[in-house]
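Participant: Have a peek at structure17.txt (compact mmCIF, C-alpha atoms).
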# COMPACT_ATOMS: atom_id res chain seq x y z
CA MET B 12 133.05 72.75 98.75
CA THR B 13 133.47 69.63 96.68
CA GLU B 14 133.98 67.60 99.85
CA GLU B 15 130.26 68.09 100.59
CA ARG B 16 129.17 66.81 97.19
CA ASP B 17 128.29 63.15 97.12
CA PRO B 18 127.99 61.59 93.65
CA LYS B 19 125.34 59.11 94.76
CA VAL B 20 123.21 61.79 96.31
CA SER B 21 123.65 63.99 93.26
CA ARG B 22 122.70 61.18 90.90
CA ARG B 23 119.64 60.24 92.89
CA TYR B 24 118.65 63.86 93.11
CA ARG B 25 118.84 64.15 89.31
CA GLU B 26 116.61 61.12 89.00
CA LEU B 27 113.85 63.01 90.75
CA GLY B 28 113.12 64.65 87.43
CA ALA B 29 113.76 67.80 85.49
CA GLU B 30 110.59 69.75 86.01
CA GLU B 31 110.36 73.00 84.13
CA PRO B 32 108.04 75.94 84.39
CA PRO B 33 105.01 75.86 82.09
CA ARG B 34 105.37 77.64 78.76
CA GLU B 35 102.60 80.12 79.60
CA LEU B 36 104.54 81.18 82.66
CA ASP B 37 107.67 81.68 80.56
CA GLN B 38 105.75 83.79 78.12
CA ALA B 39 104.14 85.89 80.83
CA ILE B 40 107.48 86.61 82.47
CA LEU B 41 109.25 87.40 79.21
CA ALA B 42 106.40 89.66 78.15
CA ALA B 43 106.65 91.54 81.45
CA ALA B 44 110.40 91.87 80.95
CA HIS B 45 109.90 93.28 77.45
CA ARG B 46 107.28 95.74 78.63
CA ALA B 47 109.59 96.89 81.40
CA ALA B 48 112.51 97.30 79.01
CA ASP B 49 110.34 99.32 76.62
CA ARG B 50 109.44 101.62 79.42
CA ALA B 51 113.14 102.08 80.15
CA HIS B 52 113.54 103.11 83.76
CA ALA B 53 109.99 104.20 84.41
CA PRO B 54 108.51 102.55 87.50
CA LEU B 55 106.36 99.51 86.77
CA VAL B 56 103.73 100.79 89.17
CA ALA B 57 102.61 104.32 88.41
CA PRO B 58 102.35 106.58 91.43
CA ALA B 59 98.76 106.49 92.46
CA GLY B 60 96.65 107.25 95.48
CA ARG B 61 98.54 107.31 98.73
CA HIS B 62 101.80 106.32 97.11
CA ARG B 63 102.10 109.81 95.77
CA TRP B 64 103.82 111.10 98.87
CA TYR B 65 106.95 109.19 97.92
CA PHE B 66 107.21 110.96 94.63
CA ALA B 67 106.14 114.35 95.95
CA PHE B 68 108.68 114.06 98.71
CA GLY B 69 111.42 113.10 96.29
CA ALA B 70 110.56 115.95 93.95
CA ALA B 71 110.56 118.44 96.83
CA ALA B 72 113.94 117.18 98.02
CA VAL B 73 115.43 117.53 94.55
CA LEU B 74 113.97 121.02 94.19
CA VAL B 75 115.36 122.22 97.52
CA LEU B 76 118.75 120.74 96.71
CA ALA B 77 118.79 122.40 93.31
CA VAL B 78 117.95 125.80 94.78
CA ALA B 79 120.59 125.42 97.47
CA ILE B 80 123.24 124.49 94.91
CA THR B 81 122.25 127.41 92.70
CA VAL B 82 122.57 129.84 95.59
CA GLN B 83 125.90 128.36 96.53
CA VAL B 84 127.24 128.54 93.00
CA GLU B 85 126.11 132.14 92.63
CA GLN B 86 128.01 133.09 95.76
CA ARG B 87 131.23 131.42 94.72
CA PRO B 88 132.44 134.02 92.19
CA ASP B 89 132.19 136.70 94.89
CA ALA B 90 134.38 134.66 97.18
CA GLU B 91 136.90 134.05 94.44
CA ALA B 92 136.98 137.75 93.64
CA LEU B 93 138.57 138.29 97.04
CA LEU B 94 141.68 136.46 96.05
CA PRO B 95 143.39 139.27 94.08
CA PRO B 96 144.91 141.56 96.72
CA THR B 97 144.08 144.85 95.05
CA VAL B 98 140.52 145.41 94.12
CA SER B 99 139.45 148.97 93.55
CA VAL B 100 135.76 149.54 93.55
CA PRO B 101 134.22 152.97 93.79
CA PRO B 102 132.44 153.61 97.07
CA ASP B 103 129.18 154.41 95.30
CA ARG B 104 129.10 150.85 93.98
CA VAL B 105 129.48 149.59 97.53
CA ASP B 106 126.51 151.57 98.68
CA ARG B 107 124.33 149.98 96.11
CA PHE B 108 124.69 146.67 97.94
CA ASP B 109 124.15 148.00 101.44
CA THR B 110 120.83 147.67 103.11
CA PRO B 111 119.38 150.74 104.85
CA ALA B 112 120.18 149.22 108.24
CA GLU B 113 123.82 148.77 107.34
CA LYS B 114 124.01 152.27 106.00
CA GLU B 115 122.76 153.60 109.31
CA ASN B 116 125.36 151.59 111.17
CA LYS B 117 128.16 152.76 109.01
CA ALA B 118 127.18 156.34 108.48
CA PRO B 119 128.30 157.88 111.79
CA ALA B 120 131.57 155.97 111.98
CA GLU B 121 132.96 156.60 108.56
CA PRO B 122 133.47 160.38 108.56
CA SER B 123 135.19 160.41 111.97
CA LYS B 124 137.85 157.82 111.07
CA PRO B 125 140.82 158.38 108.86
CA LEU B 126 140.85 156.12 105.83
CA ALA B 127 143.80 154.09 107.07
CA ASP B 128 142.12 153.31 110.41
CA ALA B 129 138.77 152.54 108.98
CA GLY B 130 139.66 148.91 108.40
CA PRO B 131 139.26 147.25 105.06
CA PRO B 132 137.37 148.96 102.29
CA PRO B 133 133.67 148.30 102.67
CA VAL B 134 133.53 146.46 99.43
CA ARG B 135 135.98 143.88 100.70
CA GLU B 136 133.97 143.47 103.86
CA ARG B 137 130.77 143.08 101.96
CA ARG B 138 132.32 140.72 99.52
CA LYS B 139 133.91 138.64 102.22
CA ALA B 140 130.63 137.98 103.93
CA PRO B 141 129.44 135.27 101.54
CA ALA B 142 132.76 133.53 101.83
CA GLN B 143 132.56 133.64 105.59
CA GLN B 144 129.01 132.41 105.38
CA ALA B 145 130.08 129.54 103.21
CA ALA B 146 132.89 128.70 105.57
CA GLU B 147 130.57 128.80 108.58
CA VAL B 148 127.92 126.78 106.82
CA ALA B 149 130.47 124.23 105.79
CA ARG B 150 131.85 124.08 109.31
CA ALA B 151 128.39 123.79 110.83
CA ASP B 152 127.37 121.10 108.39
CA ARG B 153 130.49 119.13 108.99
CA LEU B 154 129.58 119.11 112.65
CA GLU B 155 125.88 118.43 112.13
CA ALA B 156 125.64 116.01 109.26
CA PRO B 157 127.26 112.59 108.99
CA PRO B 158 130.04 112.63 106.41
CA GLN B 159 128.37 110.31 103.93
CA GLN B 160 125.20 112.40 103.84
CA ALA B 161 126.80 115.75 103.32
CA PRO B 162 125.60 117.18 100.01
CA ALA B 163 128.28 117.61 97.40
CA PHE B 164 127.96 121.36 97.21
CA GLU B 165 128.98 121.73 100.83
CA THR B 166 132.20 119.93 100.33
CA GLN B 167 132.86 122.03 97.29
CA SER B 168 132.26 125.25 99.13
CA ALA B 169 134.91 124.57 101.73
CA PRO B 170 137.94 124.97 99.45
CA VAL B 171 136.51 128.18 98.07
CA ALA B 172 135.89 129.60 101.49
CA ALA B 173 139.19 128.44 102.93
CA PRO B 174 141.48 130.83 101.05
CA ALA B 175 139.25 133.75 102.00
CA ALA B 176 139.24 132.94 105.68
CA PRO B 177 142.94 133.43 106.58
CA PRO B 178 143.82 137.07 107.18
CA SER B 179 145.93 137.80 104.12
CA ALA B 180 145.15 141.50 104.35
CA PRO B 181 147.05 143.97 106.56
CA SER B 182 146.45 143.78 110.32
CA ALA B 183 144.19 146.80 110.30
CA LYS B 184 141.65 144.80 108.38
CA THR B 185 141.48 141.86 110.76
CA GLU B 186 139.55 143.86 113.37
CA SER B 187 136.68 144.51 111.04
CA GLN B 188 136.72 140.90 109.92
CA ALA B 189 136.47 139.70 113.48
CA ALA B 190 133.36 141.81 114.10
CA PRO B 191 131.02 141.31 111.22
CA SER B 192 127.88 143.36 110.80
CA PRO B 193 124.56 142.15 112.23
CA MET B 194 123.45 141.19 108.74
CA ALA B 195 126.60 139.20 108.23
CA THR B 196 125.96 137.17 111.38
CA ALA B 197 122.27 136.73 110.71
CA ARG B 198 122.79 135.38 107.24
CA PRO B 199 125.08 132.51 108.21
CA GLN B 200 122.53 131.41 110.81
CA ALA B 201 119.79 131.41 108.24
CA LYS B 202 122.13 129.65 105.89
CA VAL B 203 122.92 127.00 108.47
CA GLN B 204 119.22 126.40 109.05
CA GLU B 205 118.59 126.16 105.35
CA SER B 206 121.51 123.84 104.98
CA ARG B 207 120.20 121.61 107.75
CA ALA B 208 116.84 121.44 106.03
CA VAL B 209 118.55 120.51 102.81
CA ALA B 210 120.62 117.88 104.55
CA SER B 211 117.48 116.32 106.00
CA LEU B 212 115.70 116.29 102.65
CA ALA B 213 118.50 115.75 100.21
CA GLY B 214 119.39 112.39 98.78
CA PRO B 215 117.32 109.24 98.41
CA LEU B 216 116.20 107.52 101.55
CA THR B 217 118.16 104.50 102.59
CA PRO B 218 116.33 101.20 103.01
CA GLU B 219 116.65 101.59 106.78
CA GLN B 220 115.05 105.03 106.66
CA LEU B 221 112.23 103.74 104.48
CA LEU B 222 111.59 100.93 106.94
CA GLU B 223 111.53 103.42 109.79
CA ARG B 224 108.89 105.40 107.92
CA ILE B 225 106.84 102.28 107.35
CA ALA B 226 107.16 101.45 111.04
CA GLU B 227 105.90 104.94 111.85
CA LEU B 228 102.91 104.45 109.58
CA ARG B 229 102.22 101.15 111.29
CA LYS B 230 102.54 102.76 114.69
CA GLU B 231 100.05 105.44 113.70
CA GLY B 232 97.61 102.73 112.69
CA ARG B 233 97.79 103.59 108.97
CA HIS B 234 98.03 99.96 108.05
CA ASP B 235 96.87 100.23 104.45
CA GLU B 236 99.52 102.81 103.68
CA ALA B 237 102.10 100.78 105.54
CA ASP B 238 101.14 97.65 103.59
CA LYS B 239 101.50 99.47 100.30
CA ALA B 240 104.76 101.06 101.33
CA LEU B 241 106.12 97.71 102.44
CA GLU B 242 105.09 96.16 99.15
CA GLU B 243 106.84 98.96 97.30
CA PHE B 244 109.87 98.50 99.48
CA ARG B 245 110.05 94.79 98.68
CA LYS B 246 109.80 95.54 95.00
CA GLN B 247 112.50 98.15 95.23
CA TYR B 248 114.83 96.08 97.40
CA PRO B 249 113.96 92.44 96.73
CA ASP B 250 117.28 91.19 98.04
CA TYR B 251 117.21 93.29 101.22
CA ARG B 252 116.88 91.16 104.31
CA ILE B 253 114.70 92.86 106.88
CA ALA B 254 115.88 92.17 110.39
CA ASP B 255 113.42 90.24 112.53
CA GLU B 256 113.13 93.11 114.99
CA MET B 257 112.29 95.56 112.22
CA LEU B 258 110.01 93.06 110.53
CA LYS B 259 107.83 93.00 113.63
CA LYS B 260 107.49 96.76 113.35
CA VAL B 261 106.72 96.97 109.64
CA GLU B 262 104.52 93.93 109.11
CA ARG B 263 100.82 94.10 109.83
CA PRO B 264 100.22 92.62 113.27
CA LYS B 265 98.37 89.32 113.12
CA MET A 9 121.64 91.82 83.90
CA LEU A 10 123.54 95.03 83.32
CA ALA A 11 122.58 94.87 79.64
CA TYR A 12 118.96 94.35 80.58
CA ARG A 13 119.17 97.23 83.02
CA GLY A 14 120.31 99.30 80.08
CA GLY A 15 117.13 98.38 78.18
CA ASP A 16 118.25 95.29 76.26
CA ALA A 17 115.31 92.88 76.52
CA ARG A 18 117.22 90.18 74.65
CA ALA A 19 119.71 90.07 77.49
CA PHE A 20 116.91 89.18 79.85
CA GLU A 21 115.83 86.33 77.59
CA THR A 22 119.33 84.90 77.74
CA LEU A 23 119.41 85.28 81.50
CA TYR A 24 115.99 83.76 81.87
CA GLY A 25 116.84 80.81 79.66
CA ARG A 26 119.93 80.14 81.71
CA HIS A 27 118.21 80.10 85.10
CA ARG A 28 114.56 79.22 84.54
CA ALA A 29 114.63 75.44 85.01
CA ARG A 30 116.98 75.41 87.98
CA LEU A 31 115.15 78.19 89.77
CA PHE A 32 111.83 76.53 89.12
CA ARG A 33 113.00 73.22 90.57
CA PHE A 34 114.52 75.02 93.54
CA VAL A 35 111.21 76.69 94.31
CA LEU A 36 109.12 73.62 93.54
CA ARG A 37 111.15 71.36 95.80
CA SER A 38 111.20 73.95 98.52
CA ILE A 39 107.46 74.32 98.83
CA LYS A 40 106.21 71.18 97.10
CA VAL A 41 102.80 72.48 95.99
CA ARG A 42 103.10 73.08 92.27
CA ALA A 43 100.52 75.86 91.98
CA LEU A 44 102.15 77.77 94.80
CA ALA A 45 105.58 77.11 93.35
CA GLU A 46 104.55 78.56 90.01
CA GLU A 47 103.13 81.63 91.71
CA LEU A 48 106.25 82.15 93.76
CA TYR A 49 108.52 81.48 90.81
CA GLN A 50 106.75 84.19 88.83
CA GLU A 51 106.98 86.57 91.77
CA VAL A 52 110.73 86.08 91.95
CA TRP A 53 111.18 86.98 88.30
CA MET A 54 108.87 89.96 88.62
CA ARG A 55 111.00 91.21 91.47
CA VAL A 56 114.07 90.81 89.30
CA ILE A 57 112.43 92.87 86.57
CA GLU A 58 111.22 95.53 88.95
CA ALA A 59 114.54 95.84 90.72
CA ARG A 60 116.65 95.95 87.56
CA ALA A 61 117.43 99.64 88.02
CA SER A 62 118.82 99.08 91.50
CA TYR A 63 120.80 95.98 90.57
CA LYS A 64 124.46 96.30 91.49
CA PRO A 65 126.92 93.68 90.31
CA SER A 66 128.50 93.28 93.73
CA ALA A 67 127.94 89.53 93.58
CA ARG A 68 127.16 86.93 90.96
CA PHE A 69 123.74 87.35 89.39
CA THR A 70 122.95 83.79 90.48
CA THR A 71 123.52 84.71 94.11
CA TRP A 72 121.33 87.79 93.76
CA LEU A 73 118.58 85.77 92.07
CA TYR A 74 118.55 83.12 94.77
CA THR A 75 118.67 85.77 97.48
CA ILE A 76 115.42 87.12 96.09
CA ALA A 77 114.01 83.60 95.88
CA HIS A 78 115.06 82.93 99.46
CA ASN A 79 113.35 86.12 100.66
CA ARG A 80 110.15 85.12 98.88
CA LEU A 81 110.35 81.65 100.42
CA VAL A 82 110.84 83.12 103.87
CA ASP A 83 107.75 85.28 103.33
CA HIS A 84 105.89 82.18 102.25
CA TRP A 85 106.96 80.24 105.32
CA ARG A 86 106.12 83.14 107.59
CA ARG A 87 102.66 83.30 106.12
CA GLY A 88 102.37 79.62 106.90
CA GLY A 89 103.26 80.30 110.52
CA LEU A 90 106.71 78.78 110.47
CA SER A 91 109.31 80.61 112.48
CA LEU A 92 112.94 80.83 111.52
CA VAL A 93 113.87 78.56 114.42
CA SER A 94 111.54 75.83 113.25
CA LEU A 95 113.15 75.98 109.84
CA ASP A 96 116.23 74.49 111.39
CA ASP A 97 114.94 72.40 114.23
CA HIS A 98 112.01 70.34 113.10
CA ASP A 99 111.72 67.87 110.31
CA ALA A 100 108.79 68.59 108.05
CA PRO A 101 106.15 65.88 107.61
CA SER A 102 106.32 64.15 104.27
CA SER A 103 103.42 64.49 101.88
CA MET A 104 104.65 61.73 99.62
CA PRO A 105 102.24 58.87 98.92
CA ASP A 106 103.05 55.48 100.31
CA PRO A 107 105.65 54.02 97.97
CA ALA A 108 104.70 50.42 98.83
CA HIS A 109 102.84 49.97 95.56
CA HIS A 110 105.68 51.11 93.34
CA ALA A 111 108.42 49.08 91.80
CA GLU A 112 111.68 48.83 93.73
CA ALA A 113 113.46 51.54 91.79
CA ARG A 114 110.52 53.83 92.19
CA GLU A 115 110.48 53.03 95.88
CA ALA A 116 114.09 53.96 96.28
CA LEU A 117 113.50 57.22 94.49
CA ALA A 118 110.40 57.89 96.52
CA ARG A 119 112.34 57.28 99.71
CA PHE A 120 114.94 59.76 98.62
CA ALA A 121 112.27 62.28 97.68
CA ALA A 122 110.58 61.74 101.02
CA ALA A 123 113.87 62.19 102.82
CA LEU A 124 114.41 65.44 100.93
CA GLU A 125 110.95 66.62 101.85
CA ARG A 126 111.43 65.70 105.47
CA LEU A 127 114.50 67.86 105.77
CA PRO A 128 114.00 71.00 107.83
CA PRO A 129 113.33 73.86 105.39
CA ALA A 130 116.64 75.57 106.05
CA GLN A 131 118.59 72.36 105.44
CA ARG A 132 116.57 71.54 102.37
CA GLU A 133 117.06 75.02 101.01
CA THR A 134 120.78 74.82 101.61
CA PHE A 135 120.98 71.46 99.86
CA LEU A 136 118.94 72.75 96.89
CA LEU A 137 121.02 75.90 96.61
CA HIS A 138 124.11 73.72 96.53
CA GLU A 139 122.86 70.90 94.34
CA GLU A 140 120.38 72.64 92.07
CA ALA A 141 121.64 76.22 91.88
CA GLY A 142 125.30 75.27 92.14
CA LEU A 143 126.10 77.83 94.82
CA THR A 144 129.17 77.48 96.98
CA VAL A 145 128.92 77.60 100.77
CA PRO A 146 129.92 81.30 100.96
CA GLU A 147 127.35 82.08 98.27
CA ILE A 148 124.71 80.10 100.13
CA ALA A 149 125.54 82.06 103.26
CA ALA A 150 125.19 85.32 101.33
CA ALA A 151 121.92 84.31 99.70
CA THR A 152 120.32 83.14 102.92
CA GLY A 153 121.72 85.84 105.18
CA SER A 154 123.51 83.38 107.41
CA ASN A 155 127.16 82.80 108.10
CA GLU A 156 129.35 80.26 106.39
CA GLU A 157 129.54 78.00 109.42
CA ALA A 158 125.76 77.76 109.63
CA ALA A 159 125.47 77.12 105.90
CA LYS A 160 128.14 74.46 106.01
CA SER A 161 126.56 72.81 109.02
CA ARG A 162 123.11 72.76 107.40
CA LEU A 163 124.53 71.27 104.25
CA ARG A 164 126.34 68.58 106.18
CA TYR A 165 123.22 67.62 108.14
CA ALA A 166 121.20 67.49 104.93
CA MET A 167 123.77 65.31 103.20
CA THR A 168 123.94 62.94 106.15
CA LYS A 169 120.18 62.43 106.13
CA LEU A 170 120.02 61.99 102.38
CA LYS A 171 122.88 59.52 102.42
CA ALA A 172 121.04 57.60 105.10
CA ALA A 173 118.01 57.44 102.80
CA LEU A 174 120.26 56.04 100.08
CA ALA A 175 121.70 53.47 102.46
CA ASP A 176 118.21 52.05 102.93
CA ASP A 177 118.10 51.11 99.24
Show this structure as structure tokens.

Facilitator:
Amino acid sequence: MTEERDPKVSRRYRELGAEEPPRELDQAILAAAHRAADRAHAPLVAPAGRHRWYFAFGAAAVLVLAVAITVQVEQRPDAEALLPPTVSVPPDRVDRFDTPAEKENKAPAEPSKPLADAGPPPVRERRKAPAQQAAEVARADRLEAPPQQAPAFETQSAPVAAPAAPPSAPSAKTESQAAPSPMATARPQAKVQESRAVASLAGPLTPEQLLERIAELRKEGRHDEADKALEEFRKQYPDYRIADEMLKKVERPK
Amino acid sequence: MLAYRGGDARAFETLYGRHRARLFRFVLRSIKVRALAEELYQEVWMRVIEARASYKPSARFTTWLYTIAHNRLVDHWRRGGLSLVSLDDHDAPSSMPDPAHHAEAREALARFAAALERLPPAQRETFLLHEEAGLTVPEIAAATGSNEEAAKSRLRYAMTKLKAALADD
């Protein structure tokens, strides 16, 4: 770049003077910097008035994510418990987990079948359900959500679910695995819906998403809110260059 | 900046001391009106303070600082009704007083200052980023959101016009 530098131009430019900011301005800026440092990472502008939705939305997203992760973590030990091939659990313990509807479904079938033909022990079937759910949720989410937005717990659940999914048990058990109970199919669907909701709420909004929201506010004629949101955005992302097309959408029309 | 982000106010003082004069002159010579320049200069630093938590050292701090300054300048120009196209295409009118009453040296300097003021805003900004802030062409391109070719071209045009002003001496 030195080929563009001309010593004469540089010298003449320097002769223009060495203006400096006034001392009061220096002091004001340094004082603001000190105040901000004292407040650590707290926002300079406290959430007030219509700005509150940002913070409420963020808190709700974090809460939903935390609950989803907790549920997922609680289910994981059950899935891991499937790994040892021989698990002997008394049938009465199995019944404790069954809902009345499942008991009705199972009741007529069990006495008529010999034990060997009855498929896997109920406890295995019941315990496999969460793992299957996790696998289905993970599969569904991989299809639904873009890879970079997938919450961490989903990616973690896949390896746990994967060992449970292959039929490591004798062939007699595969039939019952292929036809899960109505509850077992209903739960994954609910889980998928919940997971989708989490995916839509989880994680901080990207600058592009924030701008879209501001554009929506502007479109709805909520100009004051849009102005404030845009101001907040510019504080949060001072070096972000808003594309001209988007700028037309987010700036107050003249 | 990372130290300041971690809560070290002294680090900001060092940073501020290093950049204050250059940034001030960059802003002042970009918009010419001192009161406005002071206001904008303060805004830039306030943005730096407010955005400290989101600062990522992906580029030099200087580039980041002047990117913020550029964005504030663009806002200022937009408020004044200037479009991005006009920043490149039209020479700005000079507000310098008639240098006829000054001594010869002062006249030469005034001519240079007038030539600098007459530069289209984008060319002037590129020149100031290069000469005052010490940014390289790729850094200028990053700070102004343009490509290197455009930045290089603007700088070359600016230098040609300023050299012409010197040739009149």

Participant: Write out as a ChimeraX atom specification every residue belonging to chain B that has an atom at most 6 Å from any atom of chain A, counting all atoms listed in the file.

Facilitator: /B:31,45,48,51,246-247,249-250

Participant: In Å, rounded to a single decimal, give me how far atom CA of A:Arg87 is from atom CA of A:Ser154.

Facilitator: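 Answer for the atom CA of A:Ser154 to atom CA of A:Arg87 separation: 20.9 Å.
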
Participant: Go ahead and compute the interatomic distance for atom CA of B:Glu227 and atom CA of B:Arg263, in Å to one decimal.

Facilitator: 12.1 Å

Participant: Have a look at B:Val261, B:Pro218, B:Pro18, B:Tyr248 and name the one nearest to B:Glu236; count all atoms listed in the file.

Facilitator: B:Val261

Participant: Just to confirm, what's the straight-line distance from atom CA of B:Ile225 to atom CA of B:Ala237 in Å (one decimal)?

Facilitator: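 About the pair atom CA of B:Ile225 and atom CA of B:Ala237: they are 5.3 Å apart.
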